[in-house]
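S.K.: So that you have it, the file is work.txt, and it contains compact mmCIF, C-alpha atoms:
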# COMPACT_ATOMS: atom_id res chain seq x y z
CA MET M 1 89.67 145.63 123.67
CA LEU M 2 92.25 146.53 126.32
CA LYS M 3 94.42 143.50 125.58
CA SER M 4 94.40 144.10 121.84
CA ILE M 5 95.37 147.75 122.28
CA LEU M 6 98.16 147.01 124.78
CA SER M 7 99.64 144.33 122.53
CA SER M 8 99.68 146.65 119.51
CA LYS M 9 103.10 147.89 118.38
CA LYS M 10 101.57 151.13 117.11
CA TYR M 11 100.21 151.84 120.61
CA TRP M 12 103.67 151.63 122.16
CA ILE M 13 105.17 153.85 119.47
CA THR M 14 102.46 156.41 120.22
CA VAL M 15 103.13 156.05 123.96
CA SER M 16 106.83 156.76 123.46
CA TYR M 17 106.25 159.85 121.29
CA ILE M 18 103.62 161.30 123.61
CA GLY M 19 105.71 160.45 126.69
CA ILE M 20 108.87 162.07 125.35
CA GLY M 21 106.93 165.16 124.28
CA PHE M 22 105.31 165.40 127.70
CA MET M 23 108.66 165.06 129.50
CA ILE M 24 110.23 167.82 127.44
CA ILE M 25 107.34 170.26 127.69
CA TYR M 26 106.74 169.58 131.39
CA SER M 27 110.43 169.97 132.23
CA ILE M 28 110.68 173.28 130.37
CA VAL M 29 107.52 174.70 131.96
CA GLU M 30 108.58 173.57 135.43
CA HIS M 31 112.06 175.05 134.95
CA MET M 32 110.64 178.39 133.85
CA MET M 33 108.16 178.48 136.74
CA THR M 34 110.75 177.47 139.35
CA TYR M 35 113.70 179.61 138.26
CA GLY M 36 111.93 182.43 136.45
CA GLY M 37 113.88 181.92 133.25
CA LEU M 38 116.90 180.07 131.99
CA ALA M 39 119.06 179.34 135.06
CA ILE M 40 121.32 176.42 134.22
CA ASP M 41 123.69 177.00 137.16
CA SER M 42 120.91 177.03 139.74
CA PHE M 43 119.30 173.98 138.15
CA ALA M 44 122.57 172.03 138.15
CA GLU M 45 123.30 172.95 141.75
CA GLU M 46 119.83 172.05 143.00
CA ARG M 47 119.00 168.97 140.90
CA ILE M 48 122.29 167.39 139.86
CA HIS M 49 125.05 168.24 142.32
CA ASN M 50 123.00 167.47 145.41
CA GLY M 51 122.51 163.88 144.25
CA ARG M 52 118.85 164.35 143.42
CA TRP M 53 119.33 163.68 139.71
CA VAL M 54 118.20 160.04 139.98
CA ARG M 55 114.90 161.09 141.53
CA TYR M 56 114.51 163.84 138.93
CA VAL M 57 115.11 161.51 135.99
CA LEU M 58 112.92 158.72 137.40
CA SER M 59 110.05 161.12 138.06
CA ARG M 60 110.23 162.35 134.46
CA LEU M 61 110.34 158.83 133.04
CA VAL M 62 107.45 157.55 135.15
CA GLY M 63 105.35 160.65 134.51
CA GLY M 64 106.02 160.52 130.77
CA LEU M 65 105.24 156.82 130.59
CA LEU M 66 101.97 157.15 132.51
CA TYR M 67 100.82 160.17 130.54
CA GLY M 68 101.79 158.50 127.27
CA MET M 69 99.94 155.31 128.18
CA ILE M 70 96.77 157.15 129.15
CA MET M 71 96.71 159.42 126.12
CA GLY M 72 97.83 156.67 123.75
CA TYR M 73 95.04 154.40 124.97
CA TYR M 74 92.49 157.18 124.62
CA LEU M 75 93.61 158.01 121.07
CA GLU M 76 93.76 154.36 120.01
CA LEU M 77 90.34 153.62 121.50
CA ARG M 78 88.83 156.67 119.81
CA LYS M 79 90.35 155.65 116.47
CA ARG M 80 89.01 152.10 116.75
CA LYS M 81 85.52 153.30 117.68
CA SER M 82 85.42 155.69 114.72
CA ASN M 83 86.44 152.88 112.32
CA ARG M 84 83.42 150.76 113.29
Take the structure I supplied and represent it as structure tokens, if you would.

M.R.:
Amino acid sequence: MLKSILSSKKYWITVSYIGIGFMIIYSIVEHMMTYGGLAIDSFAEERIHNGRWVRYVLSRLVGGLLYGMIMGYYLELRKRKSNR
């Protein structure tokens, strides 16, 4: 079952949508919790100008990919079990 789900094109489309949504929502929530509102200057100084932007972007991509893969697999597995 795992191999058939991972080789499915629909699974990877679902992973990308869920991953992108997760990255956007997580980044907004984290920004609001860290800076207490919309603080573009502080964000740019702390995350981009100090050379930490690569780590920031990679952490978002890896987190989004992992979350998308887990949730995509769960949704695909649930759909296949309900079609039986």

S.K.: Which one is closest to M:Tyr26: M:Met69, M:Lys81, M:Ser59, M:Leu75? Count all atoms listed in the file.

M.R.: M:Ser59

S.K.: Please indicate the distance in Å from atom CA of M:Gly21 to atom CA of M:Met33, rounded to one decimal place.

M.R.: 18.3 Å

S.K.: With distances taken over all atoms listed in the file, which residue among M:Ala44, M:Tyr74, M:Gly19, M:Thr14 lies nearest M:His31?

M.R.: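 Among the listed residues, the smallest separation from M:His31 belongs to M:Ala44.
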
S.K.: Kindly give the distance, in Å, that separates atom CA of M:Ile40 and atom CA of M:Arg52, rounded to a single decimal.

M.R.: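 Value for the atom CA of M:Ile40-atom CA of M:Arg52 distance: 15.4 Å.
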
S.K.: Between M:Arg78, M:Leu2, M:Tyr73, M:Arg60, which residue has the minimum interatomic distance to M:Ile28, considering all atoms listed in the file?

M.R.: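 Smallest distance to M:Ile28 is found for M:Arg60.
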
S.K.: With distances taken over all atoms listed in the file, which of M:Leu6, M:Ile18, M:Met1, M:Met32 is nearest to M:Gly68?

M.R.: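 Looking only at the distances to M:Gly68, the closest residue turns out to be M:Ile18.
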
S.K.: Select, from M:Ile13, M:Ile24, M:Ile70, M:Ile5, the residue with the minimum atom-to-atom distance to M:Val57, counting all atoms listed in the file.

M.R.: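 Closest to M:Val57, using all atoms listed in the file: M:Ile24.
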
S.K.: So how many Å separate atom CA of M:Met23 and atom CA of M:Leu61, to one decimal?

M.R.: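 Atom CA of M:Leu61 lies 7.4 Å from atom CA of M:Met23.
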
S.K.: Pick out the closest residue to M:Ile20 from this set: M:Tyr67, M:Glu46, M:Leu38, M:Ser82. Count only C-alpha atoms.

M.R.: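 Among the listed residues, the smallest separation from M:Ile20 belongs to M:Tyr67.
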